[in-house]
file start.cif (mmCIF, C-alpha atoms and all ligand atoms)
data_work
loop_
_atom_site.label_atom_id
_atom_site.label_comp_id
_atom_site.auth_asym_id
_atom_site.auth_seq_id
_atom_site.Cartn_x
_atom_site.Cartn_y
_atom_site.Cartn_z
CA MET A 1 -108.66 -140.98 6.58
CA THR A 2 -109.27 -137.31 5.92
CA PHE A 3 -112.89 -136.33 6.22
CA GLN A 4 -113.83 -133.77 3.58
CA HIS A 5 -116.56 -131.30 4.39
CA TYR A 6 -117.86 -128.00 3.18
CA PRO A 7 -116.84 -125.07 5.35
CA GLU A 8 -119.68 -123.82 7.55
CA VAL A 9 -120.67 -120.60 9.28
CA ALA A 10 -121.50 -121.23 12.94
CA LYS A 11 -123.12 -117.98 14.02
CA LEU A 12 -123.37 -114.24 13.82
CA GLY A 13 -120.42 -112.73 15.67
CA ALA A 14 -120.59 -108.96 15.60
CA ALA A 15 -121.57 -105.79 13.82
CA HIS A 16 -119.12 -102.93 13.38
CA LEU A 17 -120.91 -99.58 13.26
CA PHE A 18 -119.64 -96.08 12.63
CA THR A 19 -121.21 -93.22 14.54
CA PRO A 20 -120.75 -89.46 14.27
CA ASP A 21 -121.33 -89.11 18.02
CA LEU A 22 -119.38 -91.86 19.77
CA GLU A 23 -120.12 -90.55 23.25
CA LYS A 24 -123.87 -90.52 22.75
CA SER A 25 -123.86 -93.90 20.97
CA LEU A 26 -121.82 -95.39 23.80
CA TRP A 27 -124.33 -94.04 26.31
CA PHE A 28 -127.17 -95.62 24.32
CA PHE A 29 -125.62 -99.06 23.81
CA ARG A 30 -124.03 -99.29 27.28
CA ASP A 31 -126.49 -97.52 29.58
CA VAL A 32 -129.80 -98.04 27.76
CA ILE A 33 -129.35 -101.28 25.78
CA GLY A 34 -127.15 -102.57 28.62
CA LEU A 35 -124.14 -103.93 26.74
CA GLU A 36 -120.84 -104.29 28.58
CA VAL A 37 -117.63 -102.62 27.44
CA THR A 38 -114.76 -105.09 26.99
CA ALA A 39 -112.16 -102.82 25.37
CA GLN A 40 -111.84 -99.20 24.35
CA THR A 41 -109.48 -97.00 22.35
CA GLU A 42 -109.74 -93.30 21.58
CA THR A 43 -111.95 -93.96 18.55
CA LYS A 44 -113.46 -97.41 19.15
CA VAL A 45 -115.46 -99.20 21.80
CA TYR A 46 -115.96 -102.98 21.93
CA LEU A 47 -119.08 -104.26 23.66
CA ARG A 48 -120.88 -107.53 24.38
CA ALA A 49 -124.07 -108.73 26.04
CA ALA A 50 -124.63 -110.52 29.36
CA MET A 51 -124.52 -114.07 27.98
CA GLU A 52 -121.69 -113.57 25.51
CA ARG A 53 -118.22 -115.07 25.86
CA GLU A 54 -116.50 -113.65 22.81
CA HIS A 55 -114.53 -110.41 22.86
CA HIS A 56 -117.41 -108.35 21.44
CA SER A 57 -120.65 -108.47 19.50
CA LEU A 58 -120.66 -104.77 18.68
CA VAL A 59 -117.96 -102.31 17.72
CA LEU A 60 -118.72 -98.59 17.79
CA GLU A 61 -116.24 -96.46 15.90
CA ALA A 62 -116.15 -92.67 15.59
CA GLY A 63 -116.67 -91.47 12.02
CA ASP A 64 -118.09 -88.54 10.13
CA ARG A 65 -121.39 -90.31 9.44
CA ALA A 66 -123.39 -93.30 10.61
CA ARG A 67 -122.82 -96.45 8.63
CA LEU A 68 -122.45 -100.19 8.90
CA ASP A 69 -118.81 -101.05 8.32
CA HIS A 70 -119.07 -104.83 8.33
CA VAL A 71 -120.67 -107.89 9.87
CA SER A 72 -118.51 -110.66 11.39
CA TRP A 73 -119.44 -114.33 11.22
CA ARG A 74 -117.75 -117.09 13.20
CA VAL A 75 -117.00 -120.24 11.25
CA LYS A 76 -117.56 -123.69 12.72
CA ARG A 77 -114.03 -125.10 12.69
CA PRO A 78 -110.57 -123.50 12.51
CA GLU A 79 -109.93 -125.16 9.12
CA ASP A 80 -113.16 -123.67 7.71
CA LEU A 81 -111.35 -120.37 7.18
CA GLU A 82 -109.10 -122.07 4.63
CA GLY A 83 -112.11 -123.90 3.20
CA PHE A 84 -114.04 -120.67 2.77
CA HIS A 85 -111.00 -118.99 1.24
CA THR A 86 -110.90 -121.69 -1.44
CA LEU A 87 -114.68 -121.84 -1.99
CA LEU A 88 -115.16 -118.08 -2.14
CA THR A 89 -112.24 -117.60 -4.50
CA GLU A 90 -113.45 -120.42 -6.76
CA ASN A 91 -116.85 -118.71 -6.84
CA GLY A 92 -115.22 -115.52 -8.12
CA ASN A 93 -115.22 -113.49 -4.89
CA GLU A 94 -112.32 -111.34 -3.81
CA VAL A 95 -111.07 -112.44 -0.41
CA ALA A 96 -108.49 -110.63 1.71
CA VAL A 97 -106.70 -112.38 4.55
CA GLU A 98 -106.28 -110.30 7.69
CA ALA A 99 -103.59 -111.08 10.24
CA PRO A 100 -104.58 -111.66 13.88
CA ASN A 101 -105.60 -108.44 15.56
CA ARG A 102 -105.15 -108.33 19.31
CA GLU A 103 -107.06 -105.08 19.66
CA ASP A 104 -110.33 -106.61 18.48
CA GLY A 105 -109.54 -110.05 19.89
CA TYR A 106 -109.73 -111.84 16.55
CA GLY A 107 -107.21 -114.33 15.23
CA LYS A 108 -106.71 -114.60 11.49
CA SER A 109 -109.80 -113.52 9.56
CA LEU A 110 -111.10 -113.19 6.01
CA ARG A 111 -112.65 -110.07 4.51
CA LEU A 112 -115.15 -110.31 1.70
CA GLN A 113 -118.11 -108.52 0.21
CA MET A 114 -121.61 -109.43 -0.94
CA PRO A 115 -122.64 -108.42 -4.47
CA SER A 116 -124.82 -105.80 -2.76
CA GLY A 117 -121.71 -104.16 -1.26
CA HIS A 118 -122.29 -105.31 2.31
CA LYS A 119 -118.94 -106.24 3.84
CA PHE A 120 -118.36 -109.41 5.86
CA ARG A 121 -115.57 -110.85 7.93
CA LEU A 122 -115.07 -114.52 8.81
CA TYR A 123 -113.12 -115.65 11.87
CA TYR A 124 -112.72 -118.61 14.18
CA ASP A 125 -110.15 -117.71 16.84
CA VAL A 126 -111.34 -115.02 19.19
CA ASP A 127 -110.40 -113.86 22.69
CA LYS A 128 -112.91 -114.54 25.46
CA PRO A 129 -112.13 -112.01 28.16
CA GLY A 130 -113.19 -112.58 31.75
CA VAL A 131 -115.43 -110.33 33.81
CA ALA A 132 -114.53 -108.08 36.74
CA GLU A 133 -115.59 -109.56 40.08
CA ALA A 134 -118.17 -106.82 40.68
CA ASP A 135 -119.98 -107.53 37.42
CA ARG A 136 -119.73 -111.33 37.38
CA SER A 137 -122.90 -113.41 37.54
CA VAL A 138 -123.39 -116.05 40.25
CA LEU A 139 -124.51 -118.26 37.35
CA LEU A 140 -121.54 -120.19 36.07
CA ASN A 141 -123.12 -120.35 32.62
CA GLN A 142 -123.52 -116.60 32.32
CA ARG A 143 -120.90 -113.88 32.07
CA TYR A 144 -122.42 -110.75 33.63
CA LYS A 145 -125.00 -110.28 36.39
CA SER A 146 -128.58 -110.42 35.15
CA TRP A 147 -130.01 -106.94 34.60
CA ASN A 148 -126.64 -105.39 35.35
CA ARG A 149 -127.61 -102.20 33.60
CA GLY A 150 -130.36 -100.78 31.38
CA ILE A 151 -132.31 -103.22 29.25
CA GLY A 152 -129.67 -105.89 29.80
CA VAL A 153 -130.00 -107.72 26.47
CA ARG A 154 -128.82 -111.34 26.54
CA ARG A 155 -127.06 -111.73 23.18
CA ILE A 156 -126.88 -110.47 19.63
CA ASP A 157 -129.56 -112.10 17.49
CA HIS A 158 -129.51 -111.05 13.84
CA VAL A 159 -128.76 -108.32 11.36
CA ASN A 160 -131.21 -107.01 8.76
CA LEU A 161 -129.65 -105.60 5.60
CA TRP A 162 -131.23 -103.38 2.95
CA THR A 163 -130.15 -103.50 -0.66
CA THR A 164 -130.97 -101.54 -3.80
CA GLU A 165 -129.84 -104.59 -5.80
CA ASN A 166 -132.06 -107.61 -6.46
CA PRO A 167 -132.63 -109.21 -3.01
CA GLU A 168 -133.09 -112.70 -4.46
CA ALA A 169 -129.60 -112.53 -5.98
CA GLN A 170 -128.21 -111.69 -2.52
CA HIS A 171 -130.08 -114.61 -0.95
CA ASP A 172 -128.70 -116.94 -3.62
CA TRP A 173 -125.20 -115.59 -3.01
CA LEU A 174 -125.53 -116.21 0.74
CA THR A 175 -126.61 -119.80 0.07
CA GLN A 176 -123.98 -120.58 -2.54
CA ASN A 177 -121.07 -118.94 -0.76
CA LEU A 178 -121.78 -119.14 2.96
CA GLY A 179 -124.37 -121.92 3.25
CA PHE A 180 -127.27 -119.84 4.58
CA LYS A 181 -130.68 -121.50 4.23
CA LEU A 182 -133.68 -119.50 3.12
CA ARG A 183 -136.35 -119.86 5.83
CA GLU A 184 -139.06 -117.36 4.86
CA PHE A 185 -139.48 -114.86 2.04
CA ILE A 186 -141.92 -112.27 0.70
CA GLN A 187 -142.80 -112.51 -2.96
CA THR A 188 -144.50 -109.79 -5.01
CA PRO A 189 -145.37 -109.77 -8.72
CA GLY A 190 -142.23 -107.66 -9.21
CA GLY A 191 -139.97 -110.20 -7.50
CA ARG A 192 -138.79 -111.27 -4.07
CA VAL A 193 -138.59 -108.29 -1.73
CA GLY A 194 -137.19 -109.92 1.38
CA GLY A 195 -135.67 -113.15 2.61
CA TRP A 196 -134.87 -114.40 6.11
CA MET A 197 -131.94 -116.80 6.29
CA SER A 198 -129.99 -118.80 8.85
CA VAL A 199 -127.24 -121.30 9.51
CA THR A 200 -128.60 -121.89 13.04
CA PRO A 201 -132.06 -123.06 14.19
CA LEU A 202 -133.07 -119.39 14.41
CA VAL A 203 -135.40 -118.34 11.59
CA HIS A 204 -132.83 -115.76 10.66
CA ASP A 205 -129.29 -114.84 11.48
CA VAL A 206 -129.50 -112.43 8.57
CA ALA A 207 -132.28 -110.90 6.51
CA VAL A 208 -131.80 -109.08 3.23
CA MET A 209 -134.66 -106.83 2.14
CA GLN A 210 -135.34 -104.57 -0.81
CA ALA A 211 -134.61 -100.95 0.02
CA GLY A 212 -137.37 -98.48 -0.77
CA PRO A 213 -137.44 -96.60 -4.10
CA HIS A 214 -136.27 -93.43 -2.35
CA GLU A 215 -133.12 -95.13 -1.10
CA THR A 216 -129.88 -93.70 -2.39
CA THR A 217 -127.43 -95.77 -0.38
CA PRO A 218 -126.96 -99.15 -2.10
CA ALA A 219 -125.95 -101.22 0.93
CA ARG A 220 -127.52 -100.26 4.18
CA MET A 221 -128.34 -101.81 7.53
CA HIS A 222 -132.01 -101.71 8.43
CA HIS A 223 -131.42 -102.88 11.97
CA LEU A 224 -129.29 -104.86 14.37
CA ALA A 225 -131.20 -107.12 16.78
CA PHE A 226 -130.47 -108.16 20.36
CA TRP A 227 -132.28 -110.93 22.20
CA LEU A 228 -134.32 -110.93 25.41
CA ASP A 229 -135.82 -114.03 27.02
CA ASN A 230 -139.50 -113.18 26.72
CA ALA A 231 -142.10 -110.65 25.66
CA ALA A 232 -142.44 -109.13 29.14
CA ASP A 233 -138.74 -108.25 29.00
CA VAL A 234 -139.40 -106.37 25.74
CA LEU A 235 -142.19 -104.39 27.44
CA ARG A 236 -139.75 -103.55 30.25
CA ALA A 237 -137.28 -102.46 27.56
CA ALA A 238 -139.88 -100.05 26.15
CA ASP A 239 -140.28 -98.46 29.60
CA ILE A 240 -136.51 -98.12 30.00
CA CYS A 241 -136.21 -96.44 26.59
CA VAL A 242 -138.93 -93.90 27.29
CA GLU A 243 -137.49 -93.15 30.75
CA ALA A 244 -134.17 -92.48 28.96
CA GLY A 245 -135.90 -90.04 26.62
CA ILE A 246 -135.92 -92.39 23.63
CA ILE A 247 -139.32 -92.87 22.02
CA PRO A 248 -139.46 -96.30 20.33
CA ASP A 249 -139.53 -96.18 16.56
CA GLN A 250 -142.10 -98.94 16.23
CA GLY A 251 -143.67 -101.56 18.47
CA PRO A 252 -144.00 -103.41 20.69
CA GLY A 253 -145.67 -105.67 18.17
CA LYS A 254 -145.44 -109.06 16.51
CA HIS A 255 -143.92 -109.84 13.14
CA GLY A 256 -145.61 -112.58 11.12
CA VAL A 257 -142.27 -113.54 9.60
CA SER A 258 -140.30 -115.34 12.34
CA GLN A 259 -143.17 -114.69 14.83
CA ALA A 260 -140.95 -112.24 16.68
CA PHE A 261 -142.14 -110.02 19.49
CA PHE A 262 -140.29 -106.82 18.69
CA LEU A 263 -139.49 -103.23 19.57
CA TYR A 264 -137.48 -100.88 17.34
CA VAL A 265 -135.47 -98.06 18.89
CA ARG A 266 -132.80 -95.79 17.48
CA ASP A 267 -129.40 -94.86 18.79
CA PRO A 268 -129.65 -91.07 19.23
CA GLY A 269 -125.94 -90.75 18.48
CA SER A 270 -126.09 -92.33 15.03
CA GLY A 271 -129.65 -93.11 13.99
CA HIS A 272 -128.80 -96.82 13.75
CA ARG A 273 -131.96 -98.81 14.36
CA VAL A 274 -131.85 -101.53 17.01
CA GLU A 275 -134.47 -104.25 17.38
CA ILE A 276 -135.17 -105.64 20.82
CA PHE A 277 -136.35 -109.12 19.96
CA SER A 278 -137.95 -112.10 21.71
CA ASN A 279 -140.16 -115.15 21.18
CA GLY A 280 -140.21 -116.39 17.60
CA TYR A 281 -139.79 -120.03 16.70
CA LEU A 282 -136.91 -122.39 15.95
CA ILE A 283 -136.33 -124.66 12.96
CA PHE A 284 -134.90 -128.14 13.42
CA ASP A 285 -136.17 -129.82 10.23
CA PRO A 286 -133.29 -130.57 7.84
CA ASP A 287 -135.74 -130.42 4.92
CA TRP A 288 -137.43 -127.12 5.85
CA GLU A 289 -139.22 -125.62 2.86
CA PRO A 290 -138.93 -121.83 2.70
CA VAL A 291 -142.22 -120.19 3.67
CA GLU A 292 -143.56 -117.90 0.95
CA TRP A 293 -145.63 -114.86 1.89
CA GLY A 294 -147.50 -113.34 -1.07
CA MET A 295 -149.23 -110.02 -1.66
CA ASP A 296 -152.36 -111.16 0.21
CA ASP A 297 -150.29 -111.89 3.32
CA ILE A 298 -147.69 -109.15 3.22
CA ALA A 299 -149.27 -107.02 5.97
CA THR A 300 -149.40 -110.03 8.31
CA ALA A 301 -145.87 -111.02 7.34
CA LEU A 302 -144.51 -107.64 8.40
CA THR A 303 -146.73 -106.87 11.39
CA MET A 304 -149.20 -109.48 12.61
CA TRP A 305 -150.38 -106.97 15.19
CA GLY A 306 -149.14 -103.77 16.77
CA PRO A 307 -148.37 -100.38 15.25
CA THR A 308 -147.54 -100.57 11.56
CA ASP A 309 -146.05 -97.10 11.10
CA TYR A 310 -142.76 -95.78 12.34
CA VAL A 311 -143.04 -92.96 14.85
CA PRO A 312 -141.80 -89.81 13.09
CA HIS A 313 -138.80 -88.30 14.82
CA THR A 314 -138.20 -84.59 15.15
CA ASP A 315 -134.94 -84.82 17.04
CA ASP A 316 -132.16 -83.48 14.81
CA ASN A 317 -129.84 -86.12 16.21
CA ILE A 318 -131.88 -88.89 14.67
CA MET A 319 -130.55 -89.50 11.18
CA ASN A 320 -132.43 -92.18 9.40
CA THR A 321 -130.99 -92.70 5.97
CA THR A 322 -127.27 -92.86 6.40
CA THR A 323 -126.38 -96.34 7.59
CA GLU A 324 -124.62 -97.14 4.34
CA ALA A 325 -122.17 -100.03 4.28
FE FE B 401 -135.31 -108.13 12.84
#

call {"tool": "encode", "arguments": {"input": "start.cif", "output": "structure tokens"}}
result
Amino acid sequence: MTFQHYPEVAKLGAAHLFTPDLEKSLWFFRDVIGLEVTAQTETKVYLRAAMEREHHSLVLEAGDRARLDHVSWRVKRPEDLEGFHTLLTENGNEVAVEAPNREDGYGKSLRLQMPSGHKFRLYYDVDKPGVAEADRSVLLNQRYKSWNRGIGVRRIDHVNLWTTENPEAQHDWLTQNLGFKLREFIQTPGGRVGGWMSVTPLVHDVAVMQAGPHETTPARMHHLAFWLDNAADVLRAADICVEAGIIPDQGPGKHGVSQAFFLYVRDPGSGHRVEIFSNGYLIFDPDWEPVEWGMDDIATALTMWGPTDYVPHTDDNIMNTTTEA
């Protein structure tokens, strides 16, 4: 008997970012954030976090301006790639099949695009490189030594996308095409301005928010988040950033949405915003009803406590409006 099932996304795999200053971005993500380099070419660096087994969770590529190239999602089963190809095509999406790429460690993958213009890639097969003896953890369930370098984030957590299109339409697309469940959202009289969605028990693997009225880039990344085990680790991360000459953008503080303890910092090489993230809650209920935050609650939804304004940057190297997809 053949068991029929809908294809499923298992998890967030990686973000591929362009940076106009690869050397400085590499310093930030390797020496400050504490990611480990797994592969490198003249124009690209592949990195992953201490707990991660896959080839990479971040790609930095040299380019003339900072932008998000695409986000990669791992599907649950090898056959789900074919299932998604059929489903996405039937739903009217253009899907391109990409042959296995040994440089980035991926087997066959699919390329597609959200209506907002954000680009995605789906994969199942991926290389899982080992770790050099000197960097290997004594823990058999962990790749690299704890606190090997810098902040030493544990794993990628989520990506937050900004759109100038209707956010609700993007949320619906994510549900109908990739099976993401809406967990929390912010509703205003003018419409839904943000939604937090997941395929895992995390409150969000992806968020899609309304870009501000000043925004000229239609598909932008607001931030990429990496996980730490607890709030004290995030406070330690703030110290490490300041000692490295990087003044946090916002935080530490607590979001109402997802109940995250957070710190925002920016890569001085690109301006890409990174969230150092901990705490939060998990969802196990199969019948979870999306939590609606209205106008009366919006301040709490965004920042339950902690600084509410971004720290203005004067450093010319900090570019803050160019992470277009
Ligand atoms: Fe976030």

call {"tool": "residues_near_ligand", "arguments": {"input": "start.cif", "ligand": "ligand FE 401 (chain B)", "cutoff": "9 Å", "atoms": "only C-alpha atoms and all ligand atoms", "output": "PDB file with C-alpha atoms, in the frame of the given file"}}
result
ATOM      1  CA  ASP A 157    -129.560-112.100  17.490  1.00  0.00           C
ATOM      2  CA  HIS A 158    -129.510-111.050  13.840  1.00  0.00           C
ATOM      3  CA  VAL A 159    -128.760-108.320  11.360  1.00  0.00           C
ATOM      4  CA  ASN A 160    -131.210-107.010   8.760  1.00  0.00           C
ATOM      5  CA  HIS A 204    -132.830-115.760  10.660  1.00  0.00           C
ATOM      6  CA  VAL A 206    -129.500-112.430   8.570  1.00  0.00           C
ATOM      7  CA  ALA A 207    -132.280-110.900   6.510  1.00  0.00           C
ATOM      8  CA  HIS A 222    -132.010-101.710   8.430  1.00  0.00           C
ATOM      9  CA  HIS A 223    -131.420-102.880  11.970  1.00  0.00           C
ATOM     10  CA  LEU A 224    -129.290-104.860  14.370  1.00  0.00           C
ATOM     11  CA  ALA A 225    -131.200-107.120  16.780  1.00  0.00           C
ATOM     12  CA  PHE A 226    -130.470-108.160  20.360  1.00  0.00           C
ATOM     13  CA  HIS A 255    -143.920-109.840  13.140  1.00  0.00           C
ATOM     14  CA  SER A 258    -140.300-115.340  12.340  1.00  0.00           C
ATOM     15  CA  ALA A 260    -140.950-112.240  16.680  1.00  0.00           C
ATOM     16  CA  PHE A 262    -140.290-106.820  18.690  1.00  0.00           C
ATOM     17  CA  TYR A 264    -137.480-100.880  17.340  1.00  0.00           C
ATOM     18  CA  VAL A 274    -131.850-101.530  17.010  1.00  0.00           C
ATOM     19  CA  GLU A 275    -134.470-104.250  17.380  1.00  0.00           C
ATOM     20  CA  ILE A 276    -135.170-105.640  20.820  1.00  0.00           C
ATOM     21  CA  PHE A 277    -136.350-109.120  19.960  1.00  0.00           C
TER      22      PHE A 277
END

call {"tool": "residues_around", "arguments": {"input": "start.cif", "residues": "A:Ala237", "least_positions_apart": "3", "cutoff": "8 Å", "atoms": "only C-alpha atoms", "output": "PyMOL selection string"}}
result
chain A and resi 151+233-234+240-241+276

call {"tool": "closest_atom_pairs", "arguments": {"input": "start.cif", "of": "stretch 170-235 of chain A", "to": "stretch 284-298 of chain A", "cutoff": "7 Å", "atoms": "all atoms listed in the file", "output": "tab-separated table"}}
result
residue	atom	partner	partner_atom	distance
A:Leu182	CA	A:Pro290	CA	5.8
A:Arg183	CA	A:Pro290	CA	4.5
A:Glu184	CA	A:Val291	CA	4.4
A:Phe185	CA	A:Glu292	CA	5.2
A:Ile186	CA	A:Trp293	CA	4.7
A:Gln187	CA	A:Gly294	CA	5.1
A:Thr188	CA	A:Met295	CA	5.8
A:Pro201	CA	A:Phe284	CA	5.9

call {"tool": "closest_residue", "arguments": {"input": "start.cif", "among": "A:Leu228, A:Met197, A:Leu122, A:Leu22", "to": "A:Arg77", "atoms": "only C-alpha atoms"}}
result
A:Leu122

call {"tool": "atom_distance", "arguments": {"input": "start.cif", "atom1": "atom CA of A:Arg273", "atom2": "atom CA of A:Met114"}}
result
21.3 Å

call {"tool": "atom_distance", "arguments": {"input": "start.cif", "atom1": "atom CA of A:Tyr6", "atom2": "atom CA of A:Thr175"}}
result
12.4 Å

call {"tool": "residues_around", "arguments": {"input": "start.cif", "residues": "A:Leu17", "least_positions_apart": "3", "cutoff": "12 Å", "atoms": "all atoms listed in the file", "output": "ChimeraX atom specification"}}
result
/A:14,20-22,25-26,29,43-47,57-72,119,159,220-221,223-224,267,269-274,322-325

call {"tool": "residues_near_point", "arguments": {"input": "start.cif", "point": "(-130.5, -101.7, 34.0)", "cutoff": "12 Å", "atoms": "only C-alpha atoms", "output": "ChimeraX atom specification"}}
result
/A:28-36,50,145-153,233,236-237,239-241,243-244

call {"tool": "residues_around", "arguments": {"input": "start.cif", "residues": "A:Pro7", "least_positions_apart": "4", "cutoff": "7 Å", "atoms": "only C-alpha atoms", "output": "compact mmCIF listing (two decimals) with C-alpha atoms, keeping the file's coordinate frame"}}
result
# COMPACT_ATOMS: atom_id res chain seq x y z
CA ASP A 80 -113.16 -123.67 7.71
CA GLY A 83 -112.11 -123.90 3.20
CA PHE A 84 -114.04 -120.67 2.77

call {"tool": "atom_distance", "arguments": {"input": "start.cif", "atom1": "atom CA of A:His55", "atom2": "atom CA of A:Gln176"}}
result
28.9 Å

call {"tool": "closest_atom_pairs", "arguments": {"input": "start.cif", "of": "stretch 40-134 of chain A", "to": "stretch 211-219 of chain A", "cutoff": "7 Å", "atoms": "only C-alpha atoms", "output": "tab-separated table"}}
result
residue	atom	partner	partner_atom	distance
A:Ser116	CA	A:Ala219	CA	6.0
A:Gly117	CA	A:Ala219	CA	5.6
A:His118	CA	A:Ala219	CA	5.7

call {"tool": "closest_residue", "arguments": {"input": "start.cif", "among": "A:Lys254, A:Lys128, A:Arg266, A:Arg192", "to": "A:Arg53", "atoms": "all atoms listed in the file"}}
result
A:Lys128

call {"tool": "residues_near_point", "arguments": {"input": "start.cif", "point": "(-118.0, -116.3, 15.7)", "cutoff": "9 Å", "atoms": "only C-alpha atoms", "output": "list in words"}}
result
Val9, Ala10, Lys11, Leu12, Gly13, Ala14, Glu54, Ser72, Trp73, Arg74, Val75, Lys76, Leu122, Tyr123, Tyr124, Asp125 and Val126 of chain A

call {"tool": "write_last_selection", "arguments": {"input": "start.cif", "atoms": "C-alpha atoms", "output": "tab-separated table (two decimals), in the coordinates of the input"}}
result
chain	number	residue	atom	x	y	z
A	9	VAL	CA	-120.67	-120.60	9.28
A	10	ALA	CA	-121.50	-121.23	12.94
A	11	LYS	CA	-123.12	-117.98	14.02
A	12	LEU	CA	-123.37	-114.24	13.82
A	13	GLY	CA	-120.42	-112.73	15.67
A	14	ALA	CA	-120.59	-108.96	15.60
A	54	GLU	CA	-116.50	-113.65	22.81
A	72	SER	CA	-118.51	-110.66	11.39
A	73	TRP	CA	-119.44	-114.33	11.22
A	74	ARG	CA	-117.75	-117.09	13.20
A	75	VAL	CA	-117.00	-120.24	11.25
A	76	LYS	CA	-117.56	-123.69	12.72
A	122	LEU	CA	-115.07	-114.52	8.81
A	123	TYR	CA	-113.12	-115.65	11.87
A	124	TYR	CA	-112.72	-118.61	14.18
A	125	ASP	CA	-110.15	-117.71	16.84
A	126	VAL	CA	-111.34	-115.02	19.19

call {"tool": "closest_residue", "arguments": {"input": "start.cif", "among": "A:Ala15, A:Ile247, A:Val265, A:Val193", "to": "A:Gln170", "atoms": "all atoms listed in the file"}}
result
A:Val193

call {"tool": "decode", "arguments": {"input": "start.cif", "residues": "stretch 43-58 of chain A", "atoms": "N, CA and C atoms", "output": "CSV table (one decimal), in the first residue's frame"}}
result
chain,number,residue,atom,x,y,z
A,43,THR,N,34.7,34.0,-3.1
A,43,THR,CA,33.6,35.0,-2.9
A,43,THR,C,32.6,34.6,-1.9
A,44,LYS,N,32.7,33.3,-1.4
A,44,LYS,CA,31.6,32.8,-0.5
A,44,LYS,C,32.2,32.2,0.7
A,45,VAL,N,31.5,32.3,1.8
A,45,VAL,CA,31.9,31.6,3.0
A,45,VAL,C,30.7,30.9,3.6
A,46,TYR,N,30.8,29.6,3.9
A,46,TYR,CA,29.7,28.8,4.5
A,46,TYR,C,30.0,28.6,6.0
A,47,LEU,N,29.0,28.9,6.8
A,47,LEU,CA,29.2,28.8,8.2
A,47,LEU,C,28.0,28.0,8.9
A,48,ARG,N,28.3,27.5,10.1
A,48,ARG,CA,27.3,26.9,10.9
A,48,ARG,C,27.5,27.1,12.4
A,49,ALA,N,26.6,26.8,13.2
A,49,ALA,CA,26.7,27.0,14.7
A,49,ALA,C,27.1,25.7,15.4
A,50,ALA,N,27.4,25.9,16.7
A,50,ALA,CA,28.0,24.8,17.5
A,50,ALA,C,27.2,23.5,17.4
A,51,MET,N,25.8,23.6,17.4
A,51,MET,CA,25.0,22.4,17.5
A,51,MET,C,24.7,21.8,16.1
A,52,GLU,N,25.0,22.5,15.1
A,52,GLU,CA,24.5,22.1,13.8
A,52,GLU,C,25.3,21.1,13.1
A,53,ARG,N,24.6,20.2,12.4
A,53,ARG,CA,25.2,19.1,11.7
A,53,ARG,C,25.3,19.3,10.2
A,54,GLU,N,24.3,20.1,9.7
A,54,GLU,CA,24.3,20.3,8.2
A,54,GLU,C,25.5,21.2,7.8
A,55,HIS,N,25.7,21.2,6.5
A,55,HIS,CA,26.9,21.9,5.9
A,55,HIS,C,27.0,23.3,6.3
A,56,HIS,N,25.8,24.0,6.4
A,56,HIS,CA,25.9,25.4,6.7
A,56,HIS,C,24.5,25.9,7.1
A,57,SER,N,24.4,27.0,7.9
A,57,SER,CA,23.2,27.6,8.2
A,57,SER,C,23.2,29.1,7.7
A,58,LEU,N,24.4,29.5,7.3
A,58,LEU,CA,24.6,30.8,6.7
A,58,LEU,C,25.6,30.8,5.6
